[in-house]
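A.B. asks: Supplied in structure tokens, the structure appears directly below.
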2 protein chains.
Amino acid sequence: MSRADATADGDEITLLAETFRLLGDPTRLRILIACLGGPMAVGAIAEAVGASQTLVSHHLRLLRAARLVRGEKQARHVLYALTDAHVSQMLRDMIDHAREDDHEPAAPMPQPEGMTR
Amino acid sequence: MSRADATADGDEITLLAETFRLLGDPTRLRILIACLGGPMAVGAIAEAVGASQTLVSHHLRLLRAARLVRGEKQARHVLYALTDAHVSQMLRDMIDHAREDDHEPAAPMPQPEGMTR
DNA sequence: AAAATGCGTGAACACGTGTTCATGTATCGA
DNA sequence: TCGATACATGAACACGTGTTCACGCATTTT
């Protein structure tokens, strides 16, 4: 029925873009990648990504709102983890993708003309 | 050796974030999704996504620089298409992901306490 | 040649947004 | 109780960035 017809409507695109936008910040990306190793406390994340704890807290709020991470209070700490396997899976995929992309496919196609700028 | 250890270094993260950032703009996302159906001319894309041709051209330049799309000059038109199957595959995945995410998992886990804000 | 079409480029502006500073609120230890 | 730790929050600022406007360059058509 409504199977992926490749044409997402307005609301879907907005939602998608918002998710991508959050992933588009280096600090947030580092935070998420740090969480790939398992639940972490805010302070630990801050130290791991080399950012102030305040900053990490701010970003975590956004990531929480987008359901990319989930925080669980444990004793004095709040442990954050990726919401589901979907997120972590996609992160790993993109990391791999970026890595092979880094190998420069040896420009298999010389831009038409005057396109390379 | 350098197997995906989940911890991407600085440069990789910067590259990744940059890619995500480009995907994080609704207009660019629409452009890419429009290209999912096959190569399209700039004017056609502009009409499809409801944006000025100038704007689309600007975005296409960025998407080209990130190797997300590729332009091929054909007669008077320049046909743009997604660079490789990797990109299109990931786009489709994310669209699907966003769709099921939209179904609201019925809050399977009541936030610890005072986290929901 | 002249006009029209298709596309790219540069400058300029308005706005969003990432970051920091300062402060507030629980929770744990002495 | 007092202090310290761990985290969240609000205000304010600086900067990047998406968009538009105006223009330039090829190519095609008449």
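Just so we're on the same page: first chain in the structure tokens is A, next is B, and so on; residues restart at 1 for each chain, and ligands are numbered from 1 in the order they show up.
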As a short mmCIF file (atom, residue, chain, number, x, y, z; two decimals) with N, CA and C atoms, in the first residue's frame, could you give me every residue of chain B near chain C (at most 12 Å apart, counting only C-alpha atoms (C1' of nucleotides))?
C.D. replies:
```cif
data_model
loop_
_atom_site.label_atom_id
_atom_site.label_comp_id
_atom_site.auth_asym_id
_atom_site.auth_seq_id
_atom_site.Cartn_x
_atom_site.Cartn_y
_atom_site.Cartn_z
N ALA B 41 16.67 17.45 -14.75
CA ALA B 41 17.27 18.74 -15.08
C ALA B 41 17.02 19.72 -13.95
N VAL B 42 17.84 20.72 -13.86
CA VAL B 42 17.75 21.69 -12.77
C VAL B 42 16.37 22.35 -12.73
N GLY B 43 15.91 22.78 -13.88
CA GLY B 43 14.60 23.43 -13.93
C GLY B 43 13.49 22.52 -13.46
N ALA B 44 13.56 21.27 -13.86
CA ALA B 44 12.55 20.30 -13.46
C ALA B 44 12.58 20.08 -11.96
N ALA B 46 13.65 22.19 -9.73
CA ALA B 46 13.13 23.41 -9.11
C ALA B 46 11.61 23.39 -9.05
N GLN B 53 14.88 28.37 -9.31
CA GLN B 53 15.94 27.64 -9.98
C GLN B 53 17.30 28.05 -9.44
N THR B 54 17.44 29.29 -9.15
CA THR B 54 18.70 29.78 -8.58
C THR B 54 19.02 29.06 -7.29
N LEU B 55 18.02 28.96 -6.44
CA LEU B 55 18.23 28.31 -5.16
C LEU B 55 18.64 26.85 -5.34
N VAL B 56 17.96 26.18 -6.23
CA VAL B 56 18.29 24.78 -6.49
C VAL B 56 19.73 24.66 -7.00
N SER B 57 20.11 25.57 -7.85
CA SER B 57 21.47 25.54 -8.39
C SER B 57 22.50 25.68 -7.28
N HIS B 58 22.23 26.58 -6.37
CA HIS B 58 23.13 26.77 -5.23
C HIS B 58 23.27 25.48 -4.43
N HIS B 59 22.14 24.89 -4.13
CA HIS B 59 22.16 23.67 -3.33
C HIS B 59 22.85 22.53 -4.07
N LEU B 60 22.59 22.48 -5.36
CA LEU B 60 23.21 21.41 -6.15
C LEU B 60 24.73 21.52 -6.12
N ARG B 61 25.20 22.73 -6.07
CA ARG B 61 26.65 22.90 -6.00
C ARG B 61 27.20 22.27 -4.72
N GLY B 71 26.24 15.71 -11.78
CA GLY B 71 25.57 16.35 -12.90
C GLY B 71 26.20 15.98 -14.23
N LYS B 73 25.95 16.94 -18.33
CA LYS B 73 25.40 17.86 -19.31
C LYS B 73 24.84 17.08 -20.50
N GLN B 74 23.60 17.37 -20.82
CA GLN B 74 22.97 16.67 -21.93
C GLN B 74 22.19 17.70 -22.75
N ALA B 75 22.72 17.99 -23.91
CA ALA B 75 22.11 19.01 -24.76
C ALA B 75 22.07 20.33 -24.02
N ARG B 76 20.92 20.91 -23.88
CA ARG B 76 20.83 22.21 -23.19
C ARG B 76 20.67 22.01 -21.70
N HIS B 77 20.31 20.83 -21.30
CA HIS B 77 20.04 20.60 -19.89
C HIS B 77 21.22 19.96 -19.17
N VAL B 78 21.20 20.09 -17.84
CA VAL B 78 22.17 19.38 -17.01
C VAL B 78 21.38 18.44 -16.12
N LEU B 79 21.56 17.18 -16.34
CA LEU B 79 20.79 16.19 -15.59
C LEU B 79 21.54 15.79 -14.32
N GLU B 113 12.20 10.31 35.79
CA GLU B 113 11.52 11.22 36.72
C GLU B 113 11.97 12.64 36.44
N GLY B 114 11.01 13.45 36.09
CA GLY B 114 11.35 14.83 35.83
C GLY B 114 12.24 15.00 34.62
#
```
A.B. asks: Counting only C-alpha atoms, which residues of chain A fall within 8 Å of chain B, and what is the closest atom pair for each with its distance in Å at one decimal, ordered by chain and rising number, as a Markdown table?
C.D. replies:
```
| residue | atom | partner | partner_atom | distance |
| --- | --- | --- | --- | --- |
| A:Ala4 | CA | B:Asp96 | CA | 6.6 |
| A:Ala6 | CA | B:Arg92 | CA | 6.7 |
| A:Thr7 | CA | B:Ile33 | CA | 6.7 |
| A:Ala8 | CA | B:Ile95 | CA | 7.2 |
| A:Glu12 | CA | B:Ala98 | CA | 7.2 |
| A:Ile13 | CA | B:Pro26 | CA | 6.4 |
| A:Thr14 | CA | B:Pro26 | CA | 6.1 |
| A:Leu15 | CA | B:Ala98 | CA | 7.4 |
| A:Leu16 | CA | B:Ala98 | CA | 6.4 |
| A:Ala17 | CA | B:Gly24 | CA | 4.3 |
| A:Glu18 | CA | B:Gly24 | CA | 6.0 |
| A:Thr19 | CA | B:Gly24 | CA | 7.0 |
| A:Phe20 | CA | B:Gly24 | CA | 4.4 |
| A:Arg21 | CA | B:Gly24 | CA | 3.9 |
| A:Leu22 | CA | B:Gly24 | CA | 7.5 |
| A:Leu23 | CA | B:Phe20 | CA | 5.8 |
| A:Gly24 | CA | B:Arg21 | CA | 3.9 |
| A:Asp25 | CA | B:Ala17 | CA | 5.6 |
| A:Pro26 | CA | B:Ala17 | CA | 5.5 |
| A:Leu29 | CA | B:Ala17 | CA | 6.8 |
| A:Arg30 | CA | B:Ile13 | CA | 7.3 |
| A:Ile33 | CA | B:Thr7 | CA | 6.6 |
| A:Ala34 | CA | B:Thr7 | CA | 7.3 |
| A:Leu36 | CA | B:Ala6 | CA | 6.8 |
| A:Gly37 | CA | B:Ala6 | CA | 7.6 |
| A:Gly71 | CA | B:Gln111 | CA | 7.5 |
| A:Glu72 | CA | B:Pro112 | CA | 5.6 |
| A:Lys73 | CA | B:Pro112 | CA | 5.6 |
| A:His86 | CA | B:His97 | CA | 7.9 |
| A:Arg92 | CA | B:Ala6 | CA | 6.7 |
| A:Met94 | CA | B:Leu16 | CA | 7.5 |
| A:Ile95 | CA | B:Leu16 | CA | 7.2 |
| A:Asp96 | CA | B:Ala4 | CA | 6.8 |
| A:His97 | CA | B:His86 | CA | 7.9 |
| A:Ala98 | CA | B:Leu16 | CA | 6.4 |
| A:Arg99 | CA | B:Glu12 | CA | 7.5 |
| A:Gln111 | CA | B:Glu72 | CA | 7.1 |
| A:Pro112 | CA | B:Lys73 | CA | 5.7 |
| A:Glu113 | CA | B:Lys73 | CA | 7.9 |
```
A.B. asks: Residues of chain D were defined as contacting chain B if any atom lay at most 12 Å from it, counting only C-alpha atoms (C1' of nucleotides); please report them as a ChimeraX atom specification.
C.D. replies: /D:7-9,17-22,26-28
A.B. asks: Report the residues of segment 9-104 of chain B whose backbone DSSP state falls under helix (DSSP H, G or I), written as a ChimeraX atom specification.
C.D. replies: /B:10-23,26-35,42-49,53-65,85-101
A.B. asks: Next, write the just-selected residues to a file, as a tab-separated table (two decimals), in the first residue's frame, keeping C-alpha atoms as the atom set.
C.D. replies:
```
chain	number	residue	atom	x	y	z
B	10	GLY	CA	38.26	13.89	14.27
B	11	ASP	CA	38.52	14.15	10.52
B	12	GLU	CA	36.06	11.37	9.94
B	13	ILE	CA	33.57	12.96	12.27
B	14	THR	CA	33.94	16.29	10.56
B	15	LEU	CA	33.30	14.66	7.20
B	16	LEU	CA	30.35	12.73	8.53
B	17	ALA	CA	28.83	15.75	10.18
B	18	GLU	CA	29.21	17.78	7.02
B	19	THR	CA	27.34	15.14	5.06
B	20	PHE	CA	24.58	14.97	7.64
B	21	ARG	CA	24.37	18.72	7.75
B	22	LEU	CA	23.67	18.89	4.03
B	23	LEU	CA	20.91	16.33	4.46
B	26	PRO	CA	14.45	20.50	3.81
B	27	THR	CA	15.09	22.01	0.39
B	28	ARG	CA	18.19	19.91	-0.19
B	29	LEU	CA	16.42	16.83	1.09
B	30	ARG	CA	13.59	17.43	-1.36
B	31	ILE	CA	16.09	17.84	-4.15
B	32	LEU	CA	17.73	14.54	-3.32
B	33	ILE	CA	14.43	12.75	-2.96
B	34	ALA	CA	13.33	14.15	-6.29
B	35	CYS	CA	16.46	12.64	-7.80
B	42	VAL	CA	17.75	21.69	-12.77
B	43	GLY	CA	14.60	23.43	-13.93
B	44	ALA	CA	12.55	20.30	-13.46
B	45	ILE	CA	13.92	19.84	-9.96
B	46	ALA	CA	13.13	23.41	-9.11
B	47	GLU	CA	9.56	22.94	-10.20
B	48	ALA	CA	9.29	19.60	-8.42
B	49	VAL	CA	10.47	20.90	-5.09
B	53	GLN	CA	15.94	27.64	-9.98
B	54	THR	CA	18.70	29.78	-8.58
B	55	LEU	CA	18.23	28.31	-5.16
B	56	VAL	CA	18.29	24.78	-6.49
B	57	SER	CA	21.47	25.54	-8.39
B	58	HIS	CA	23.13	26.77	-5.23
B	59	HIS	CA	22.16	23.67	-3.33
B	60	LEU	CA	23.21	21.41	-6.15
B	61	ARG	CA	26.65	22.90	-6.00
B	62	LEU	CA	26.93	21.95	-2.34
B	63	LEU	CA	25.52	18.49	-2.93
B	64	ARG	CA	27.98	18.04	-5.77
B	65	ALA	CA	30.89	19.07	-3.59
B	85	ALA	CA	23.36	3.40	-4.95
B	86	HIS	CA	24.74	3.97	-1.46
B	87	VAL	CA	23.16	7.36	-1.23
B	88	SER	CA	19.80	6.34	-2.65
B	89	GLN	CA	19.74	3.27	-0.45
B	90	MET	CA	20.39	5.26	2.66
B	91	LEU	CA	17.76	7.82	1.73
B	92	ARG	CA	15.14	5.15	1.31
B	93	ASP	CA	16.17	3.58	4.61
B	94	MET	CA	15.81	6.83	6.46
B	95	ILE	CA	12.44	7.53	4.91
B	96	ASP	CA	11.20	4.16	6.08
B	97	HIS	CA	12.76	4.69	9.46
B	98	ALA	CA	11.06	8.04	9.85
B	99	ARG	CA	7.73	6.51	8.92
B	100	GLU	CA	7.72	3.83	11.56
B	101	ASP	CA	9.10	6.31	14.01
```
